[in-house]
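K.L.:
Got model_39.txt for you, compact mmCIF, C-alpha atoms (C1' of nucleotides):
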```
# COMPACT_ATOMS: atom_id res chain seq x y z
CA MET A 26 25.00 17.59 -24.18
CA TYR A 27 21.56 17.78 -25.73
CA ASP A 28 21.93 14.65 -27.82
CA LYS A 29 20.78 12.34 -25.07
CA LEU A 30 17.62 14.36 -24.68
CA PHE A 31 16.98 14.47 -28.43
CA ASN A 32 17.44 10.72 -28.60
CA TYR A 33 15.16 10.20 -25.65
CA ILE A 34 12.40 12.28 -27.21
CA GLU A 35 12.69 10.74 -30.65
CA GLN A 36 12.76 7.28 -29.24
CA TYR A 37 9.75 7.68 -27.00
CA ALA A 38 7.70 9.66 -29.48
CA GLY A 39 8.66 7.52 -32.47
CA LEU A 40 8.88 10.78 -34.38
CA PRO A 41 11.95 12.64 -35.66
CA LEU A 42 12.72 16.16 -34.46
CA THR A 43 13.19 18.93 -37.01
CA GLU A 44 16.03 21.42 -36.77
CA THR A 45 13.62 24.03 -35.47
CA ASP A 46 12.37 21.63 -32.84
CA ARG A 47 15.92 21.08 -31.67
CA GLN A 48 16.48 24.78 -31.55
CA ILE A 49 13.45 25.31 -29.35
CA ILE A 50 14.36 22.44 -27.06
CA GLN A 51 17.81 23.94 -26.55
CA GLU A 52 16.18 27.18 -25.51
CA VAL A 53 13.68 25.52 -23.19
CA PHE A 54 16.14 23.28 -21.36
CA VAL A 55 18.95 24.89 -19.43
CA PRO A 56 22.08 22.94 -18.43
CA MET A 57 22.83 22.66 -14.76
CA LYS A 58 25.63 20.92 -12.92
CA LEU A 59 25.30 19.40 -9.50
CA ARG A 60 28.21 18.35 -7.32
CA LYS A 61 27.90 15.22 -5.25
CA LYS A 62 25.67 15.83 -2.18
CA GLN A 63 24.37 19.08 -3.63
CA TYR A 64 20.61 19.58 -3.35
CA PHE A 65 18.37 19.80 -6.39
CA LEU A 66 15.33 20.21 -4.17
CA GLN A 67 14.82 20.56 -0.43
CA GLU A 68 11.82 19.78 1.74
CA GLY A 69 9.61 22.84 2.12
CA GLU A 70 10.57 24.50 -1.17
CA VAL A 71 8.39 24.64 -4.24
CA CYS A 72 9.89 22.49 -6.98
CA LYS A 73 10.75 24.99 -9.72
CA TYR A 74 12.54 22.65 -12.08
CA MET A 75 11.98 19.42 -13.88
CA ALA A 76 15.24 17.89 -15.05
CA PHE A 77 16.55 15.25 -17.40
CA ILE A 78 19.68 13.47 -16.20
CA VAL A 79 22.36 13.55 -18.90
CA LYS A 80 25.00 12.16 -16.58
CA GLY A 81 25.18 11.17 -12.94
CA ALA A 82 22.90 9.76 -10.28
CA THR A 83 20.40 11.29 -7.87
CA ARG A 84 18.18 10.22 -5.04
CA GLN A 85 14.79 11.45 -3.87
CA TYR A 86 13.84 10.84 -0.26
CA THR A 87 11.85 11.85 2.77
CA VAL A 88 13.27 12.30 6.25
CA ASP A 89 11.18 11.06 9.16
CA ASP A 90 10.95 12.49 12.67
CA LYS A 91 13.81 10.26 13.80
CA GLY A 92 16.05 11.63 11.06
CA ALA A 93 15.98 8.45 8.99
CA GLU A 94 15.97 8.85 5.20
CA HIS A 95 13.55 6.90 3.03
CA MET A 96 14.43 6.62 -0.67
CA VAL A 97 11.42 7.24 -2.85
CA GLN A 98 13.38 7.20 -6.09
CA LEU A 99 16.87 6.48 -7.31
CA ALA A 100 17.64 7.90 -10.74
CA ILE A 101 20.45 7.71 -13.29
CA GLU A 102 21.06 8.79 -16.89
CA ASN A 103 17.96 9.18 -19.06
CA TRP A 104 15.65 9.49 -16.07
CA TRP A 105 13.69 12.53 -15.04
CA ILE A 106 13.69 14.13 -11.63
CA SER A 107 11.27 16.55 -9.98
CA ASP A 108 8.36 16.38 -7.60
CA ARG A 109 5.44 16.36 -10.03
CA GLU A 110 3.06 17.39 -7.31
CA SER A 111 4.99 20.41 -6.17
CA PHE A 112 5.99 21.31 -9.73
CA THR A 113 2.46 21.29 -11.13
CA MET A 114 0.48 22.51 -8.10
CA LEU A 115 3.15 24.90 -6.81
CA THR A 116 2.81 23.47 -3.30
CA PRO A 117 5.77 22.96 -0.95
CA THR A 118 7.42 19.60 -1.42
CA ILE A 119 7.92 16.96 1.24
CA TYR A 120 10.88 15.45 -0.61
CA ASN A 121 14.59 16.08 -0.87
CA ILE A 122 16.44 15.43 -4.09
CA ASP A 123 20.22 15.51 -4.16
CA ALA A 124 23.12 14.27 -6.26
CA TRP A 125 24.75 11.02 -5.31
CA GLU A 126 27.26 11.36 -8.14
CA ASP A 127 28.28 14.60 -9.85
CA CYS A 128 25.50 15.35 -12.34
CA GLU A 129 24.83 17.08 -15.62
CA LEU A 130 21.20 17.99 -15.93
CA LEU A 131 18.96 19.68 -18.44
CA THR A 132 16.36 21.67 -16.55
CA THR A 133 13.20 23.47 -17.44
CA THR A 134 10.54 25.42 -15.59
CA LYS A 135 6.79 25.10 -15.77
CA ALA A 136 6.57 28.31 -17.76
CA ASP A 137 9.30 27.40 -20.25
CA ALA A 138 7.94 23.91 -20.70
CA THR A 139 4.74 25.30 -22.19
CA ARG A 140 6.73 26.19 -25.31
CA LEU A 141 7.09 22.46 -25.93
CA ALA A 142 3.37 22.26 -26.63
CA HIS A 143 4.14 23.15 -30.25
CA ILE A 144 6.44 20.17 -30.70
CA PRO A 145 4.35 17.03 -31.13
CA ALA A 146 7.27 14.67 -30.44
CA ALA A 147 8.05 16.46 -27.19
CA VAL A 148 4.44 16.46 -26.06
CA GLN A 149 4.27 12.77 -26.79
CA ALA A 150 7.56 12.02 -25.05
CA LEU A 151 6.54 13.92 -21.92
CA ARG A 152 3.29 12.06 -21.81
CA GLU A 153 5.18 8.79 -22.10
CA MET A 154 7.45 9.97 -19.32
CA ASP A 155 4.48 10.52 -17.02
CA ILE A 156 2.95 7.20 -17.95
CA ASN A 157 6.23 5.38 -17.41
CA HIS A 158 6.64 7.05 -14.09
CA ALA A 159 3.15 6.03 -13.06
CA ILE A 160 3.78 2.47 -14.21
CA ALA A 161 7.06 2.25 -12.34
CA MET A 162 5.41 3.59 -9.18
CA GLN A 163 2.52 1.19 -9.56
CA LYS A 164 4.94 -1.71 -9.74
CA ARG A 165 6.67 -0.55 -6.60
CA VAL A 166 3.35 -0.27 -4.78
CA SER A 167 2.40 -3.69 -5.96
CA SER A 168 5.65 -5.24 -4.76
CA ALA A 169 5.69 -3.27 -1.51
CA ILE A 170 2.28 -4.58 -0.46
CA ALA A 171 2.51 -8.08 -1.92
CA MET A 172 6.11 -9.26 -1.55
CA THR A 173 8.55 -10.17 1.19
CA ALA A 174 11.85 -8.33 1.60
CA GLU A 175 13.62 -11.19 -0.15
CA GLN A 176 11.31 -11.11 -3.17
CA ARG A 177 11.63 -7.36 -3.47
CA TYR A 178 15.40 -7.62 -3.59
CA ALA A 179 15.26 -10.41 -6.16
CA GLN A 180 13.02 -8.23 -8.31
CA LEU A 181 15.47 -5.33 -8.13
CA VAL A 182 18.36 -7.55 -9.18
CA GLU A 183 16.21 -8.56 -12.12
CA SER A 184 14.87 -5.17 -13.16
CA ASN A 185 17.53 -2.62 -12.13
CA PRO A 186 20.85 -4.39 -11.66
CA THR A 187 22.79 -1.19 -12.41
CA PHE A 188 21.46 0.38 -9.22
CA LEU A 189 23.51 -2.12 -7.26
CA GLN A 190 26.70 -0.76 -8.78
CA ARG A 191 25.83 2.89 -8.55
CA PHE A 192 24.33 3.25 -5.08
CA PRO A 193 25.56 2.08 -1.68
CA GLN A 194 23.76 -0.77 -0.09
CA HIS A 195 22.07 1.20 2.64
CA MET A 196 20.34 3.34 0.03
CA ILE A 197 19.21 0.30 -1.89
CA ALA A 198 17.88 -1.10 1.37
CA SER A 199 15.93 2.07 2.06
CA TYR A 200 14.63 2.10 -1.51
CA LEU A 201 13.36 -1.43 -0.97
CA GLY A 202 11.76 -0.51 2.35
CA MET A 203 14.03 -2.48 4.65
CA THR A 204 17.03 -1.82 6.90
CA LYS A 205 20.62 -2.21 5.74
CA GLU A 206 21.08 -5.14 8.12
CA THR A 207 18.15 -7.01 6.62
CA LEU A 208 19.45 -6.42 3.10
CA SER A 209 22.92 -7.54 4.09
CA ARG A 210 21.51 -10.80 5.46
CA ILE A 211 19.37 -11.38 2.40
CA ARG A 212 22.39 -10.94 0.14
CA MET A 213 24.46 -13.27 2.29
CA LYS A 214 21.80 -15.92 2.05
CA ALA A 215 21.31 -15.43 -1.70
CA SER A 216 25.02 -15.68 -2.52
CA GLY A 217 25.48 -18.63 -0.18
CA LYS A 218 23.26 -20.95 -2.16
CA MET B 22 -24.51 10.31 -17.70
CA TYR B 23 -21.81 12.35 -19.42
CA ASP B 24 -22.13 15.36 -17.14
CA LYS B 25 -19.73 13.99 -14.56
CA LEU B 26 -17.10 13.52 -17.22
CA PHE B 27 -17.67 16.99 -18.68
CA ASN B 28 -17.35 18.47 -15.23
CA TYR B 29 -14.22 16.49 -14.54
CA ILE B 30 -12.57 17.66 -17.73
CA GLU B 31 -13.57 21.28 -17.33
CA GLN B 32 -12.45 21.33 -13.75
CA TYR B 33 -9.06 19.79 -14.34
CA ALA B 34 -8.34 21.69 -17.52
CA GLY B 35 -9.69 24.97 -16.24
CA LEU B 36 -11.18 25.42 -19.69
CA PRO B 37 -14.81 25.25 -20.84
CA LEU B 38 -15.90 22.65 -23.39
CA THR B 39 -17.68 23.79 -26.53
CA GLU B 40 -20.77 22.04 -27.83
CA THR B 41 -18.69 20.38 -30.53
CA ASP B 42 -16.22 19.16 -27.91
CA ARG B 43 -19.04 17.60 -25.98
CA GLN B 44 -20.34 15.98 -29.10
CA ILE B 45 -16.96 14.39 -29.82
CA ILE B 46 -16.51 13.24 -26.23
CA GLN B 47 -19.88 11.52 -26.37
CA GLU B 48 -18.75 9.66 -29.45
CA VAL B 49 -15.37 8.73 -28.02
CA PHE B 50 -16.62 7.44 -24.67
CA VAL B 51 -19.01 4.49 -24.67
CA PRO B 52 -21.19 3.71 -21.64
CA MET B 53 -20.72 0.32 -20.00
CA LYS B 54 -22.42 -1.23 -17.00
CA LEU B 55 -20.74 -3.67 -14.67
CA ARG B 56 -22.56 -5.82 -12.16
CA LYS B 57 -20.99 -6.43 -8.78
CA LYS B 58 -18.12 -8.96 -9.05
CA GLN B 59 -18.04 -8.66 -12.83
CA TYR B 60 -14.57 -8.32 -14.35
CA PHE B 61 -13.46 -5.21 -16.18
CA LEU B 62 -10.04 -6.75 -16.80
CA GLN B 63 -8.51 -10.14 -16.09
CA GLU B 64 -4.91 -11.19 -15.66
CA GLY B 65 -3.38 -12.24 -18.97
CA GLU B 66 -5.63 -10.11 -21.18
CA VAL B 67 -4.57 -6.94 -22.93
CA CYS B 68 -6.32 -3.96 -21.40
CA LYS B 69 -8.48 -2.62 -24.22
CA TYR B 70 -10.34 0.04 -22.30
CA MET B 71 -9.68 2.99 -20.14
CA ALA B 72 -12.74 3.97 -18.12
CA PHE B 73 -14.12 6.83 -16.09
CA ILE B 74 -16.27 5.80 -13.14
CA VAL B 75 -19.60 7.63 -13.23
CA LYS B 76 -21.07 5.53 -10.45
CA GLY B 77 -19.92 2.60 -8.37
CA ALA B 78 -16.69 1.20 -6.98
CA THR B 79 -13.97 -1.05 -8.37
CA ARG B 80 -10.83 -2.72 -7.19
CA GLN B 81 -7.58 -3.57 -8.98
CA TYR B 82 -5.47 -6.38 -7.59
CA THR B 83 -2.93 -9.11 -8.18
CA VAL B 84 -3.30 -12.70 -7.08
CA ASP B 85 -0.21 -14.42 -5.67
CA ASP B 86 0.75 -18.08 -5.94
CA LYS B 87 -1.11 -18.84 -2.70
CA GLY B 88 -4.28 -17.36 -4.12
CA ALA B 89 -4.18 -14.27 -1.91
CA GLU B 90 -5.39 -11.01 -3.44
CA HIS B 91 -3.38 -7.80 -3.11
CA MET B 92 -5.24 -4.55 -3.75
CA VAL B 93 -3.25 -2.19 -5.90
CA GLN B 94 -6.03 0.34 -6.29
CA LEU B 95 -9.49 1.02 -4.94
CA ALA B 96 -11.54 3.40 -7.06
CA ILE B 97 -14.87 5.20 -6.83
CA GLU B 98 -16.77 7.92 -8.72
CA ASN B 99 -14.62 10.36 -10.71
CA TRP B 100 -11.64 8.00 -10.76
CA TRP B 101 -10.16 6.33 -13.78
CA ILE B 102 -9.47 2.64 -14.15
CA SER B 103 -7.23 0.73 -16.55
CA ASP B 104 -3.78 -0.77 -16.55
CA ARG B 105 -1.79 2.03 -18.17
CA GLU B 106 1.03 -0.32 -19.01
CA SER B 107 -1.07 -2.91 -20.79
CA PHE B 108 -3.27 -0.24 -22.39
CA THR B 109 -0.41 1.75 -23.88
CA MET B 110 2.08 -1.04 -24.64
CA LEU B 111 -0.51 -3.67 -25.59
CA THR B 112 1.17 -6.21 -23.30
CA PRO B 113 -0.78 -8.73 -21.21
CA THR B 114 -1.74 -7.37 -17.82
CA ILE B 115 -0.83 -8.87 -14.47
CA TYR B 116 -3.82 -7.23 -12.77
CA ASN B 117 -7.46 -7.99 -12.27
CA ILE B 118 -10.03 -5.23 -12.12
CA ASP B 119 -13.59 -5.97 -11.05
CA ALA B 120 -16.64 -4.20 -9.72
CA TRP B 121 -17.19 -4.14 -5.99
CA GLU B 122 -20.44 -2.21 -6.41
CA ASP B 123 -22.59 -2.12 -9.55
CA CYS B 124 -20.93 0.39 -11.85
CA GLU B 125 -21.66 2.81 -14.63
CA LEU B 126 -18.57 3.50 -16.65
CA LEU B 127 -17.61 5.58 -19.66
CA THR B 128 -15.05 3.66 -21.64
CA THR B 129 -12.75 4.42 -24.51
CA THR B 130 -10.15 2.55 -26.52
CA LYS B 131 -6.64 3.60 -27.43
CA ALA B 132 -7.72 4.22 -31.02
CA ASP B 133 -10.82 6.25 -30.12
CA ALA B 134 -8.93 8.26 -27.55
CA THR B 135 -6.70 9.74 -30.24
CA ARG B 136 -9.68 11.81 -31.40
CA LEU B 137 -9.42 13.71 -28.14
CA ALA B 138 -6.13 15.18 -29.31
CA HIS B 139 -8.12 17.95 -31.00
CA ILE B 140 -9.77 19.03 -27.76
CA PRO B 141 -7.28 21.03 -25.70
CA ALA B 142 -9.28 20.71 -22.49
CA ALA B 143 -9.42 16.94 -22.84
CA VAL B 144 -5.70 16.66 -23.58
CA GLN B 145 -5.00 18.77 -20.55
CA ALA B 146 -7.36 16.80 -18.33
CA LEU B 147 -5.89 13.47 -19.38
CA ARG B 148 -2.43 14.75 -18.67
CA GLU B 149 -3.59 15.85 -15.23
CA MET B 150 -5.12 12.44 -14.75
CA ASP B 151 -1.76 10.78 -15.42
CA ILE B 152 0.07 13.18 -13.19
CA ASN B 153 -2.44 12.70 -10.40
CA HIS B 154 -2.18 8.99 -10.73
CA ALA B 155 1.61 9.18 -10.56
CA ILE B 156 1.41 11.44 -7.51
CA ALA B 157 -1.02 9.13 -5.75
CA MET B 158 1.19 6.14 -6.47
CA GLN B 159 4.27 8.01 -5.29
CA LYS B 160 2.56 8.75 -2.01
CA ARG B 161 1.67 5.13 -1.55
CA VAL B 162 5.25 4.08 -2.24
CA SER B 163 6.48 6.65 0.19
CA SER B 164 4.16 5.47 2.94
CA ALA B 165 4.71 1.79 2.18
CA ILE B 166 8.47 2.09 2.64
CA ALA B 167 8.54 4.68 5.41
CA MET B 168 5.57 4.04 7.68
CA THR B 169 4.33 1.42 10.12
CA ALA B 170 1.01 -0.34 9.62
CA GLU B 171 -0.55 1.96 12.18
CA GLN B 172 0.66 5.12 10.45
CA ARG B 173 -0.52 3.89 7.08
CA TYR B 174 -4.00 3.34 8.46
CA ALA B 175 -4.06 6.75 10.09
CA GLN B 176 -3.09 8.29 6.79
CA LEU B 177 -5.92 6.54 4.98
CA VAL B 178 -8.44 7.73 7.54
CA GLU B 179 -7.11 11.21 6.87
CA SER B 180 -6.91 11.13 3.09
CA ASN B 181 -9.62 8.69 1.95
CA PRO B 182 -12.18 8.28 4.70
CA THR B 183 -14.88 7.32 2.20
CA PHE B 184 -13.04 4.11 1.36
CA LEU B 185 -13.80 2.88 4.86
CA GLN B 186 -17.51 3.09 4.15
CA ARG B 187 -17.43 1.66 0.66
CA PHE B 188 -15.06 -1.30 0.96
CA PRO B 189 -14.93 -4.16 3.46
CA GLN B 190 -12.16 -4.16 5.97
CA HIS B 191 -10.19 -7.02 4.51
CA MET B 192 -9.84 -5.12 1.23
CA ILE B 193 -8.71 -2.01 3.04
CA ALA B 194 -6.19 -4.14 4.89
CA SER B 195 -4.85 -5.57 1.66
CA TYR B 196 -4.73 -2.09 0.12
CA LEU B 197 -2.63 -0.98 3.07
CA GLY B 198 -0.34 -3.99 2.79
CA MET B 199 -1.33 -5.77 5.99
CA THR B 200 -3.56 -8.66 7.02
CA LYS B 201 -7.17 -8.20 8.11
CA GLU B 202 -6.24 -9.33 11.63
CA THR B 203 -3.59 -6.65 11.95
CA LEU B 204 -6.00 -3.98 10.72
CA SER B 205 -8.67 -5.16 13.11
CA ARG B 206 -6.23 -4.83 16.02
CA ILE B 207 -5.08 -1.42 14.93
CA ARG B 208 -8.67 -0.19 14.76
CA MET B 209 -9.41 -1.66 18.15
CA LYS B 210 -6.45 0.14 19.64
CA ALA B 211 -7.24 3.42 17.88
CA SER B 212 -10.87 3.49 18.99
CA GLY B 213 -9.94 2.46 22.51
CA LYS B 214 -7.99 5.59 23.29
C1' DC C 27 49.16 11.77 6.92
C1' DT C 28 45.75 10.95 10.04
C1' DG C 29 41.51 11.25 12.54
C1' DA C 30 36.69 11.17 11.40
C1' DA C 31 32.91 9.73 8.94
C1' DC C 32 31.12 6.17 6.07
C1' DC C 33 30.17 1.37 4.84
C1' DG C 34 28.99 -3.26 5.19
C1' DT C 35 28.74 -7.24 8.27
C1' DT C 36 27.51 -10.05 12.21
C1' DG C 37 25.32 -11.32 16.70
C1' DA C 38 21.77 -10.86 20.36
C1' DT C 39 17.39 -9.15 21.38
C1' DT C 40 12.91 -6.94 20.82
C1' DT C 41 9.14 -5.47 18.17
C1' DT C 42 6.07 -5.90 14.60
C1' DT C 43 3.37 -8.45 11.78
C1' DA C 44 1.78 -12.86 9.74
C1' DT C 45 -0.17 -17.21 10.42
C1' DC C 46 -3.30 -20.53 12.24
C1' DA C 47 -7.54 -21.50 14.42
C1' DA C 48 -11.91 -20.81 16.21
C1' DC C 49 -16.12 -18.13 16.72
C1' DA C 50 -20.39 -15.32 16.15
C1' DG C 51 -23.25 -12.21 13.63
C1' DA C 52 -24.78 -10.66 8.75
C1' DA C 53 -25.85 -11.24 4.41
C1' DT C 54 -26.88 -14.13 0.46
C1' DT C 55 -28.32 -18.15 -1.87
C1' DT C 56 -31.12 -21.90 -2.59
C1' DA D 14 -36.22 -21.04 6.45
C1' DA D 15 -31.98 -23.41 6.32
C1' DA D 16 -27.55 -23.55 4.68
C1' DT D 17 -23.63 -21.40 3.16
C1' DT D 18 -20.57 -17.82 2.44
C1' DC D 19 -18.79 -13.49 3.97
C1' DT D 20 -17.16 -10.52 7.71
C1' DG D 21 -14.80 -8.89 11.55
C1' DT D 22 -12.81 -10.37 16.12
C1' DT D 23 -9.90 -12.51 19.33
C1' DG D 24 -6.22 -15.56 21.14
C1' DA D 25 -1.97 -18.26 20.78
C1' DT D 26 2.06 -18.92 18.27
C1' DA D 27 5.51 -18.34 14.69
C1' DA D 28 8.04 -15.80 11.46
C1' DA D 29 9.93 -11.67 9.67
C1' DA D 30 12.16 -7.66 10.22
C1' DA D 31 13.81 -3.76 13.20
C1' DT D 32 16.73 -2.32 16.68
C1' DC D 33 20.87 -2.04 19.33
C1' DA D 34 25.62 -2.74 19.56
C1' DA D 35 30.11 -3.68 18.18
C1' DC D 36 33.67 -4.51 14.64
C1' DG D 37 37.13 -3.95 10.81
C1' DG D 38 37.95 -1.90 6.35
C1' DT D 39 37.35 2.27 3.26
C1' DT D 40 37.24 6.62 1.92
C1' DC D 41 37.61 11.39 2.66
C1' DA D 42 38.69 15.95 4.41
C1' DG D 43 41.53 18.84 7.06
```
Render the structure in this file as structure tokens.
P.N.:
Amino acid sequence: MYDKLFNYIEQYAGLPLTETDRQIIQEVFVPMKLRKKQYFLQEGEVCKYMAFIVKGATRQYTVDDKGAEHMVQLAIENWWISDRESFTMLTPTIYNIDAWEDCELLTTTKADATRLAHIPAAVQALREMDINHAIAMQKRVSSAIAMTAEQRYAQLVESNPTFLQRFPQHMIASYLGMTKETLSRIRMKASGK
Amino acid sequence: MYDKLFNYIEQYAGLPLTETDRQIIQEVFVPMKLRKKQYFLQEGEVCKYMAFIVKGATRQYTVDDKGAEHMVQLAIENWWISDRESFTMLTPTIYNIDAWEDCELLTTTKADATRLAHIPAAVQALREMDINHAIAMQKRVSSAIAMTAEQRYAQLVESNPTFLQRFPQHMIASYLGMTKETLSRIRMKASGK
DNA sequence: CTGAACCGTTGATTTTTATCAACAGAATTT
DNA sequence: AAATTCTGTTGATAAAAATCAACGGTTCAG
């Protein structure tokens, strides 16, 4: 259960964890299971938890006034979920996060997470996590403003091919900022040639 | 010169800086001036510096195969500039960063920045900086995939009205992921009612 | 087991936005 | 001061993508 998290931390920090470190991490992170469609976070709440995905897949999205969902993030094993803004500032979130597949998570709260400050590898790994998240978001901004729908899809095939197997097409379409019909046509055209 | 940075750190960390802290920060951050249009970073280079803007305005953008520029970030006083990916991974950057107004910056390198690890307030402030950056990017992703051109402009007027005074309209348009003609028409319509 | 919801596709149409082109006022350079 | 570049507008047209609608094939829950 915790091995994936230990590996993640050691890998990103480039530092090994001591037995004591592991002990503390097991106390700080609490396992949680989510059934498919179950909410991890709902619009209007304050985001109490930050979670590491041990197994499963989640989606983070907004709902507009017409009821349409817009995927801000799709996440699978070894990714982190939470609304950093709500989590750190304690403000109500505008996002929903729910499970697309049954999930095993390791969750922590803002208060518990402070205990990690004594573990250099964990501090380092969390910093890397934030930086990676910022980089990933930056890339999405860059492609959203600079690329056509077709180019955005091609980039996803390149960079996150697993998403295509784990999430239905209409979610992928929303994640890419287009309708399911447009994505369907783009795929048709791409496979046709 | 350094006061703005001290204030920034103290404010974000919620902790005061000691005299020794200030001393170290002055050694870690080196002043740099940029003239309008001068590059801070060019596509293909490795991003050696991370900088705090004391005065001035910069833009970060990609250039597509047709030579069109796409603004990924616009930044003014109290903002940070750098390509986090290139800076941390030492990979060549795909972005350009240059000065739109004459700038006074405080710059640091990856190596020098490690000295900040001994200053809790600085560590905290840098972490906040990353989180804020990630949050800002997340919001842009969210609006890019979920909103119309008109809504994106309205949101900018709401959240960053100063940009409208500091940057020309065609840069704002690019930042919002639309052409200058479209932005011009949106503004016309908005002022007309 | 079966009716309902979900999923992806296709076609016709409309809306949004980009593109192309031309223009005039400002600012900058020489 | 003249010339050139930069800026924002406007109009006409084209392209991209959204919307609306309808359809079979799945999957799922009662």
K.L.:
Can you work out which residues from chain A touch chain C at a cut-off of 12 Å (counting all atoms listed in the file) and hand them back as JSON, numbers by chain?
P.N.:
{"A": [173, 192, 193, 194, 195, 196, 198, 205, 206, 207, 208, 209, 210, 211, 212, 213]}
K.L.:
Could those residues be written to a file, using C-alpha atoms, as an mmCIF file, in the frame of the given file?
P.N.:
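The result, stored in selection_16.cif:
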```
data_model
loop_
_atom_site.group_PDB
_atom_site.id
_atom_site.type_symbol
_atom_site.label_atom_id
_atom_site.label_comp_id
_atom_site.auth_asym_id
_atom_site.auth_seq_id
_atom_site.Cartn_x
_atom_site.Cartn_y
_atom_site.Cartn_z
ATOM 1 C CA THR A 173 8.550 -10.170 1.190
ATOM 2 C CA PHE A 192 24.330 3.250 -5.080
ATOM 3 C CA PRO A 193 25.560 2.080 -1.680
ATOM 4 C CA GLN A 194 23.760 -0.770 -0.090
ATOM 5 C CA HIS A 195 22.070 1.200 2.640
ATOM 6 C CA MET A 196 20.340 3.340 0.030
ATOM 7 C CA ALA A 198 17.880 -1.100 1.370
ATOM 8 C CA LYS A 205 20.620 -2.210 5.740
ATOM 9 C CA GLU A 206 21.080 -5.140 8.120
ATOM 10 C CA THR A 207 18.150 -7.010 6.620
ATOM 11 C CA LEU A 208 19.450 -6.420 3.100
ATOM 12 C CA SER A 209 22.920 -7.540 4.090
ATOM 13 C CA ARG A 210 21.510 -10.800 5.460
ATOM 14 C CA ILE A 211 19.370 -11.380 2.400
ATOM 15 C CA ARG A 212 22.390 -10.940 0.140
ATOM 16 C CA MET A 213 24.460 -13.270 2.290
#
```
K.L.:
From the set B:Thr129, B:Thr83, B:Ser163, B:Thr41, which residue has the shortest atom-to-atom contact distance to Met71 in chain B, counting only C-alpha atoms?
P.N.:
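Ranking B:Thr129, B:Thr83, B:Ser163, B:Thr41 by distance to Met71 in chain B, first place goes to B:Thr129.
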K.L.:
Determine, for each residue of chain D having at least one atom at most 8 Å from an atom of chain B, the closest pair of atoms and their separation in Å to one decimal, counting only C-alpha atoms (C1' of nucleotides); order by chain and ascending number, as a tab-separated table.
P.N.:
```
residue	atom	partner	partner_atom	distance
D:DT20	C1'	B:Pro189	CA	8.0
D:DG21	C1'	B:Ser205	CA	7.3
D:DT22	C1'	B:Ser205	CA	7.3
```
K.L.:
Kindly determine which residues of chain B lie within 10 Å of chain A, considering all atoms listed in the file, and give the answer as a VMD selection string.
P.N.:
chain B and resid 82 to 85 89 to 94 104 to 107 109 116 147 to 149 151 to 168 195 to 199
K.L.:
Write out, as a compact mmCIF listing (two decimals), in the frame of the given file, the residues just selected, with C-alpha atoms.
P.N.:
```
# COMPACT_ATOMS: atom_id res chain seq x y z
CA TYR B 82 -5.47 -6.38 -7.59
CA THR B 83 -2.93 -9.11 -8.18
CA VAL B 84 -3.30 -12.70 -7.08
CA ASP B 85 -0.21 -14.42 -5.67
CA ALA B 89 -4.18 -14.27 -1.91
CA GLU B 90 -5.39 -11.01 -3.44
CA HIS B 91 -3.38 -7.80 -3.11
CA MET B 92 -5.24 -4.55 -3.75
CA VAL B 93 -3.25 -2.19 -5.90
CA GLN B 94 -6.03 0.34 -6.29
CA ASP B 104 -3.78 -0.77 -16.55
CA ARG B 105 -1.79 2.03 -18.17
CA GLU B 106 1.03 -0.32 -19.01
CA SER B 107 -1.07 -2.91 -20.79
CA THR B 109 -0.41 1.75 -23.88
CA TYR B 116 -3.82 -7.23 -12.77
CA LEU B 147 -5.89 13.47 -19.38
CA ARG B 148 -2.43 14.75 -18.67
CA GLU B 149 -3.59 15.85 -15.23
CA ASP B 151 -1.76 10.78 -15.42
CA ILE B 152 0.07 13.18 -13.19
CA ASN B 153 -2.44 12.70 -10.40
CA HIS B 154 -2.18 8.99 -10.73
CA ALA B 155 1.61 9.18 -10.56
CA ILE B 156 1.41 11.44 -7.51
CA ALA B 157 -1.02 9.13 -5.75
CA MET B 158 1.19 6.14 -6.47
CA GLN B 159 4.27 8.01 -5.29
CA LYS B 160 2.56 8.75 -2.01
CA ARG B 161 1.67 5.13 -1.55
CA VAL B 162 5.25 4.08 -2.24
CA SER B 163 6.48 6.65 0.19
CA SER B 164 4.16 5.47 2.94
CA ALA B 165 4.71 1.79 2.18
CA ILE B 166 8.47 2.09 2.64
CA ALA B 167 8.54 4.68 5.41
CA MET B 168 5.57 4.04 7.68
CA SER B 195 -4.85 -5.57 1.66
CA TYR B 196 -4.73 -2.09 0.12
CA LEU B 197 -2.63 -0.98 3.07
CA GLY B 198 -0.34 -3.99 2.79
CA MET B 199 -1.33 -5.77 5.99
```
K.L.:
Could you jot down the CA of Cys72 in chain A to CA of Phe112 in chain A separation for me, Å, one decimal place?
P.N.:
4.9 Å
K.L.:
Return the padded bounding box of range 34-38 of chain D as JSON: axis-aligned, built from all atoms listed in the file, 5 Å added on each side, with centre and edge lengths in Å to one decimal.
P.N.:
```
{"center_x": 31.8, "center_y": -3.2, "center_z": 13.0, "size_x": 22.3, "size_y": 12.6, "size_z": 23.2}
```
K.L.:
Please, what distance in Å, to one decimal, runs between CA of Lys76 in chain B and CA of Asn99 in chain B?
P.N.:
8.1 Å
K.L.:
What is the distance between CA of Glu31 in chain B and CA of Gln44 in chain B, in Å to one decimal?
P.N.:
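Separating CA of Glu31 in chain B from CA of Gln44 in chain B is a distance of 14.6 Å.
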